[in-house]
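Pasted below: input-v3.csv, CSV, C-alpha atoms.
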chain,number,residue,atom,x,y,z
A,239,MET,CA,81.4,104.2,84.6
A,240,LEU,CA,85.1,104.0,85.4
A,241,THR,CA,85.7,104.5,89.2
A,242,LEU,CA,89.1,104.9,90.9
A,243,THR,CA,89.5,101.9,93.2
A,244,LYS,CA,92.4,101.4,95.6
A,245,ASP,CA,94.1,98.9,93.3
A,246,ARG,CA,93.6,101.1,90.2
A,247,ALA,CA,95.0,104.2,92.1
A,248,LEU,CA,98.0,102.2,93.3
A,249,ALA,CA,98.7,100.9,89.8
A,250,LEU,CA,98.5,104.3,88.3
A,251,ALA,CA,100.7,105.9,91.0
A,252,MET,CA,103.3,103.1,90.6
A,253,LEU,CA,103.4,103.6,86.9
A,254,VAL,CA,103.9,107.3,87.3
A,255,ILE,CA,106.6,106.8,89.9
A,256,THR,CA,108.4,104.1,87.9
A,257,GLY,CA,108.2,106.4,84.8
A,258,ILE,CA,109.8,109.3,86.7
A,259,LEU,CA,112.5,107.0,88.2
A,260,MET,CA,113.2,105.4,84.9
A,261,ALA,CA,113.8,108.8,83.4
A,262,GLU,CA,116.1,109.6,86.3
A,263,THR,CA,118.2,106.5,85.7
A,264,ARG,CA,119.4,108.2,82.5
A,265,ASN,CA,121.3,110.6,84.8
A,266,ILE,CA,123.4,107.8,86.3
A,267,ALA,CA,126.9,107.9,85.1
A,268,PRO,CA,127.7,105.8,82.0
A,269,PRO,CA,129.7,102.6,82.4
A,270,THR,CA,133.4,103.0,82.9
A,271,SER,CA,136.0,100.9,81.1
A,272,TRP,CA,135.8,98.2,83.8
A,273,GLN,CA,132.0,98.1,84.0
A,274,PRO,CA,130.4,96.1,81.1
A,275,TYR,CA,126.8,97.3,81.8
A,276,GLY,CA,127.0,100.3,84.0
A,277,SER,CA,125.3,101.1,87.3
A,278,ALA,CA,122.0,102.0,85.8
A,279,LEU,CA,121.2,98.4,84.6
A,280,PHE,CA,120.0,97.0,87.9
A,281,PRO,CA,117.6,99.9,88.8
A,282,GLN,CA,116.3,99.8,85.2
A,283,ILE,CA,115.6,96.1,85.5
A,284,LEU,CA,113.8,96.5,88.8
A,285,LEU,CA,111.8,99.4,87.6
A,286,GLY,CA,110.8,97.5,84.5
A,287,ILE,CA,109.6,94.6,86.6
A,288,ILE,CA,107.6,97.0,88.9
A,289,ALA,CA,106.1,98.7,85.8
A,290,VAL,CA,105.0,95.3,84.3
A,291,LEU,CA,103.4,94.3,87.6
A,292,SER,CA,101.7,97.6,87.9
A,293,LEU,CA,100.3,97.2,84.4
A,294,LEU,CA,99.0,93.7,85.3
A,295,LEU,CA,97.4,95.1,88.4
A,296,LEU,CA,95.7,97.8,86.4
A,297,LEU,CA,94.5,95.3,83.8
A,298,ARG,CA,93.1,93.1,86.6
A,299,THR,CA,91.1,96.0,88.0
A,300,TRP,CA,89.3,96.3,84.7
A,301,LEU,CA,88.7,92.5,84.4
A,302,VAL,CA,87.4,91.9,87.9
A,303,SER,CA,83.7,92.5,88.3
A,304,GLN,CA,82.8,95.8,90.0
A,305,ASP,CA,79.9,94.0,91.8
A,306,VAL,CA,82.3,92.5,94.3
A,307,ALA,CA,83.7,95.9,95.3
A,308,SER,CA,80.3,97.5,95.6
A,309,SER,CA,78.9,94.8,97.8
A,310,GLU,CA,81.5,95.3,100.6
A,311,PRO,CA,80.0,97.1,103.6
A,312,SER,CA,81.8,100.2,104.8
A,313,ARG,CA,84.0,99.7,107.9
A,314,PRO,CA,83.9,102.1,110.8
A,315,ARG,CA,87.1,104.0,111.6
A,316,ARG,CA,89.6,102.4,113.9
A,317,SER,CA,91.5,103.9,116.8
A,318,LEU,CA,95.2,104.3,116.6
A,319,THR,CA,96.0,101.3,118.7
A,320,GLU,CA,93.7,99.1,116.6
A,321,TRP,CA,95.3,100.4,113.5
A,322,VAL,CA,98.8,99.7,114.8
A,323,ARG,CA,97.7,96.2,115.9
A,324,HIS,CA,96.1,95.6,112.5
A,325,ASN,CA,99.2,96.7,110.6
A,326,ALA,CA,101.8,95.3,113.0
A,327,THR,CA,103.5,93.2,110.2
A,328,VAL,CA,103.9,96.2,107.9
A,329,LEU,CA,105.3,98.4,110.7
A,330,SER,CA,107.7,95.6,111.7
A,331,LEU,CA,108.9,95.3,108.2
A,332,PHE,CA,109.6,99.1,108.1
A,333,GLY,CA,111.5,98.6,111.4
A,334,LEU,CA,113.5,95.7,110.0
A,335,PHE,CA,114.4,97.7,106.9
A,336,GLY,CA,115.6,100.6,109.0
A,337,LEU,CA,117.8,98.2,111.1
A,338,TYR,CA,119.1,96.7,107.8
A,339,ALA,CA,120.1,100.2,106.6
A,340,LEU,CA,121.9,100.9,109.8
A,341,LEU,CA,123.7,97.5,109.9
A,342,LEU,CA,124.7,97.4,106.2
A,343,PRO,CA,127.8,99.6,106.5
A,344,LEU,CA,128.8,98.1,109.8
A,345,ILE,CA,128.6,94.3,109.1
A,346,GLY,CA,128.6,94.3,105.3
A,347,TYR,CA,126.2,93.3,102.6
A,348,LEU,CA,126.2,89.5,102.9
A,349,ILE,CA,125.6,89.2,106.6
A,350,ALA,CA,123.2,92.1,106.9
A,351,THR,CA,121.2,90.9,103.9
A,352,LEU,CA,121.1,87.3,105.1
A,353,ALA,CA,119.8,88.5,108.5
A,354,PHE,CA,117.3,90.9,106.9
A,355,LEU,CA,115.9,88.3,104.5
A,356,MET,CA,115.6,85.6,107.2
A,357,ALA,CA,113.9,88.0,109.6
A,358,SER,CA,111.5,89.5,107.0
A,359,LEU,CA,110.6,86.1,105.6
A,360,ALA,CA,110.1,84.7,109.1
A,361,LEU,CA,107.8,87.6,109.8
A,362,LEU,CA,105.8,87.2,106.5
A,363,LEU,CA,105.7,83.4,106.3
A,364,GLY,CA,105.9,82.5,109.9
A,365,ILE,CA,108.2,79.9,111.3
A,366,ASP,CA,105.8,77.5,112.8
A,367,THR,CA,106.7,74.5,110.6
A,368,ARG,CA,109.9,72.9,109.5
A,369,ARG,CA,108.9,73.4,105.9
A,370,LYS,CA,108.7,77.2,106.4
A,371,TRP,CA,112.1,77.3,108.1
A,372,LEU,CA,113.5,75.4,105.1
A,373,ILE,CA,112.0,77.7,102.6
A,374,ASN,CA,113.2,80.7,104.6
A,375,LEU,CA,116.8,79.4,104.7
A,376,VAL,CA,116.9,78.3,101.1
A,377,VAL,CA,115.5,81.6,99.8
A,378,SER,CA,117.7,83.7,102.0
A,379,CYS,CA,120.9,81.7,101.4
A,380,THR,CA,120.3,81.8,97.7
A,381,ILE,CA,119.2,85.4,97.0
A,382,ALA,CA,121.8,87.2,99.0
A,383,PRO,CA,124.9,85.5,97.5
A,384,LEU,CA,123.3,85.5,94.1
A,385,VAL,CA,122.8,89.3,94.1
A,386,TYR,CA,126.3,89.7,95.5
A,387,VAL,CA,127.8,87.6,92.6
A,388,ILE,CA,125.8,89.5,90.0
A,389,PHE,CA,126.9,92.9,91.3
A,390,ARG,CA,130.5,91.9,92.0
A,391,PHE,CA,131.4,89.8,89.0
A,392,VAL,CA,128.8,90.7,86.3
A,393,LEU,CA,128.3,94.4,86.9
A,394,ASN,CA,131.7,95.0,88.5
A,395,VAL,CA,130.1,97.0,91.3
A,396,TRP,CA,131.5,96.6,94.9
A,397,LEU,CA,128.9,96.2,97.7
A,398,PRO,CA,129.7,97.1,101.3

Encoding of this model in structure tokens:
Amino acid sequence: MLTLTKDRALALAMLVITGILMAETRNIAPPTSWQPYGSALFPQILLGIIAVLSLLLLLRTWLVSQDVASSEPSRPRRSLTEWVRHNATVLSLFGLFGLYALLLPLIGYLIATLAFLMASLALLLGIDTRRKWLINLVVSCTIAPLVYVIFRFVLNVWLP
């Protein structure tokens, strides 16, 4: 029997959301004479990647044995403080994203994005070794300028 697991529900929800958003990208204004690809290209690429990853997750839920999921014992409910403590990283990432959204118009794309990427990667990876610091710096200092160059010179879209 086909049961609705958390992963399967997430994959299905993400496929529905990406489908709706992909349809909405058709409402983005067409490219102007100075935009070779238009403003809808980047969201469509990201939504396509999310849809493919959601499909992979959905396929994985059918391939993984259901015996593993059924053998897990049920957990008792947690108090609010335990829940916050258990999800501190996720809540911190939401806070970082809010701060990024506030700082973006004030200090500009490159500086705000570099700071956001470095802080979020430090939160996710940790910074307890030299190797993790190096990975953090290389990824942050590569992705932020690369996205800026793609938007500015390939898509001809100005970033703040």

Taking into account all atoms listed in the file, which residue in the set A:Thr319, A:Ser277, A:Thr270, A:Asn265 is nearest to Ile388 of chain A? A:Ser277

Near Thr299 of chain A, within 8 Å and counting all atoms listed in the file, which residues show up once chain neighbours fewer than 4 positions away are dropped, as an MDAnalysis selection string? chainID A and resid 245:246 295

Atoms to include: C-alpha atoms. Write the selected residues as an mmCIF file, in the frame of the given file.
data_model
loop_
_atom_site.group_PDB
_atom_site.id
_atom_site.type_symbol
_atom_site.label_atom_id
_atom_site.label_comp_id
_atom_site.auth_asym_id
_atom_site.auth_seq_id
_atom_site.Cartn_x
_atom_site.Cartn_y
_atom_site.Cartn_z
ATOM 1 C CA ASP A 245 94.100 98.900 93.300
ATOM 2 C CA ARG A 246 93.600 101.100 90.200
ATOM 3 C CA LEU A 295 97.400 95.100 88.400
#

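The closest residue to Pro274 of chain A, picked from A:Asn374, A:Phe389, A:Val302, A:Leu242 and counting all atoms listed in the file, is A:Phe389.
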
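Across A:Ile258, A:Leu284, A:Leu297, A:Leu334, the tightest approach to Ala357 of chain A is made by A:Leu334 when counting only C-alpha atoms.
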
Can you find the residues with an atom no farther than 12 Å from (129.3, 97.3, 93.2), counting all atoms listed in the file, and report them as a VMD selection string? chain A and resid 272 to 273 275 to 280 347 385 to 398

Quote the spacing between atom CA of Ser358 of chain A and atom CA of Thr327 of chain A in Å to one decimal place.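 So the answer is 9.4 Å.
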
How many Å lie between atom CA of Arg369 of chain A and atom CA of Asn325 of chain A, rounded to one decimal?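 Computing it gives 25.7 Å between the two atoms.
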
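Atom CA of Phe354 of chain A sits 11.4 Å away from atom CA of Leu340 of chain A.
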
Residues near Ala247 of chain A, cut-off 12 Å, only C-alpha atoms, skip fewer than 4 positions along chain, as a ChimeraX atom specification: /A:240-243,251-254,292-293,295-296,299

What lies within 12 Å of Glu262 of chain A using all atoms listed in the file, ignoring chain neighbours under 5 positions off, as a list in words?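 With the cut-off at 12 Å, the set is Ile255, Thr256, Gly257, Ala267, Ala278, Pro281, Gln282 and Leu285 of chain A.
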
Would you mind putting back all heavy atoms on segment 326-337 of chain A, then writing it out as a short mmCIF file (atom, residue, chain, number, x, y, z; two decimals), keeping the file's coordinate frame?
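This went into result38.cif:
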data_model
loop_
_atom_site.label_atom_id
_atom_site.label_comp_id
_atom_site.auth_asym_id
_atom_site.auth_seq_id
_atom_site.Cartn_x
_atom_site.Cartn_y
_atom_site.Cartn_z
N ALA A 326 100.60 95.59 112.25
CA ALA A 326 101.80 95.30 113.00
C ALA A 326 102.91 94.69 112.05
O ALA A 326 104.09 95.01 112.18
CB ALA A 326 101.56 94.35 114.13
N THR A 327 102.51 93.83 111.13
CA THR A 327 103.50 93.20 110.20
C THR A 327 104.14 94.25 109.34
O THR A 327 105.37 94.24 109.17
CB THR A 327 102.81 92.12 109.38
OG1 THR A 327 102.19 91.17 110.25
CG2 THR A 327 103.80 91.42 108.49
N VAL A 328 103.36 95.14 108.78
CA VAL A 328 103.90 96.20 107.90
C VAL A 328 104.84 97.09 108.67
O VAL A 328 105.94 97.41 108.21
CB VAL A 328 102.77 96.99 107.25
CG1 VAL A 328 103.31 98.15 106.45
CG2 VAL A 328 101.91 96.09 106.38
N LEU A 329 104.44 97.50 109.86
CA LEU A 329 105.30 98.40 110.70
C LEU A 329 106.57 97.66 111.09
O LEU A 329 107.64 98.26 111.12
CB LEU A 329 104.50 98.84 111.89
CG LEU A 329 103.29 99.73 111.59
CD1 LEU A 329 102.48 99.98 112.85
CD2 LEU A 329 103.72 101.02 110.93
N SER A 330 106.47 96.37 111.38
CA SER A 330 107.70 95.60 111.70
C SER A 330 108.62 95.50 110.55
O SER A 330 109.84 95.56 110.72
CB SER A 330 107.27 94.19 112.18
OG SER A 330 106.46 94.25 113.32
N LEU A 331 108.08 95.35 109.34
CA LEU A 331 108.90 95.30 108.20
C LEU A 331 109.66 96.64 107.95
O LEU A 331 110.84 96.66 107.57
CB LEU A 331 108.12 94.96 106.92
CG LEU A 331 107.75 93.49 106.78
CD1 LEU A 331 106.81 93.28 105.61
CD2 LEU A 331 108.99 92.64 106.62
N PHE A 332 108.97 97.75 108.20
CA PHE A 332 109.60 99.10 108.10
C PHE A 332 110.77 99.14 109.15
O PHE A 332 111.85 99.63 108.86
CB PHE A 332 108.65 100.20 108.33
CG PHE A 332 107.95 100.63 107.08
CD1 PHE A 332 106.61 100.33 106.90
CD2 PHE A 332 108.61 101.31 106.09
CE1 PHE A 332 105.95 100.71 105.75
CE2 PHE A 332 107.97 101.70 104.92
CZ PHE A 332 106.63 101.40 104.76
N GLY A 333 110.51 98.66 110.35
CA GLY A 333 111.50 98.60 111.40
C GLY A 333 112.73 97.77 110.99
O GLY A 333 113.89 98.15 111.18
N LEU A 334 112.44 96.59 110.44
CA LEU A 334 113.50 95.70 110.00
C LEU A 334 114.34 96.36 108.88
O LEU A 334 115.56 96.24 108.85
CB LEU A 334 112.93 94.38 109.46
CG LEU A 334 112.62 93.32 110.48
CD1 LEU A 334 111.91 92.14 109.82
CD2 LEU A 334 113.88 92.85 111.16
N PHE A 335 113.67 97.04 107.96
CA PHE A 335 114.40 97.70 106.90
C PHE A 335 115.29 98.82 107.43
O PHE A 335 116.41 98.99 106.97
CB PHE A 335 113.44 98.25 105.83
CG PHE A 335 114.16 98.78 104.62
CD1 PHE A 335 114.72 97.91 103.71
CD2 PHE A 335 114.30 100.13 104.43
CE1 PHE A 335 115.41 98.39 102.61
CE2 PHE A 335 114.98 100.62 103.33
CZ PHE A 335 115.54 99.75 102.41
N GLY A 336 114.78 99.58 108.40
CA GLY A 336 115.60 100.60 109.00
C GLY A 336 116.83 100.01 109.71
O GLY A 336 117.95 100.54 109.59
N LEU A 337 116.64 98.91 110.42
CA LEU A 337 117.80 98.20 111.10
C LEU A 337 118.74 97.71 110.03
O LEU A 337 119.96 97.80 110.22
CB LEU A 337 117.21 97.08 111.92
CG LEU A 337 118.22 96.32 112.77
CD1 LEU A 337 118.84 97.24 113.81
CD2 LEU A 337 117.53 95.15 113.46
#
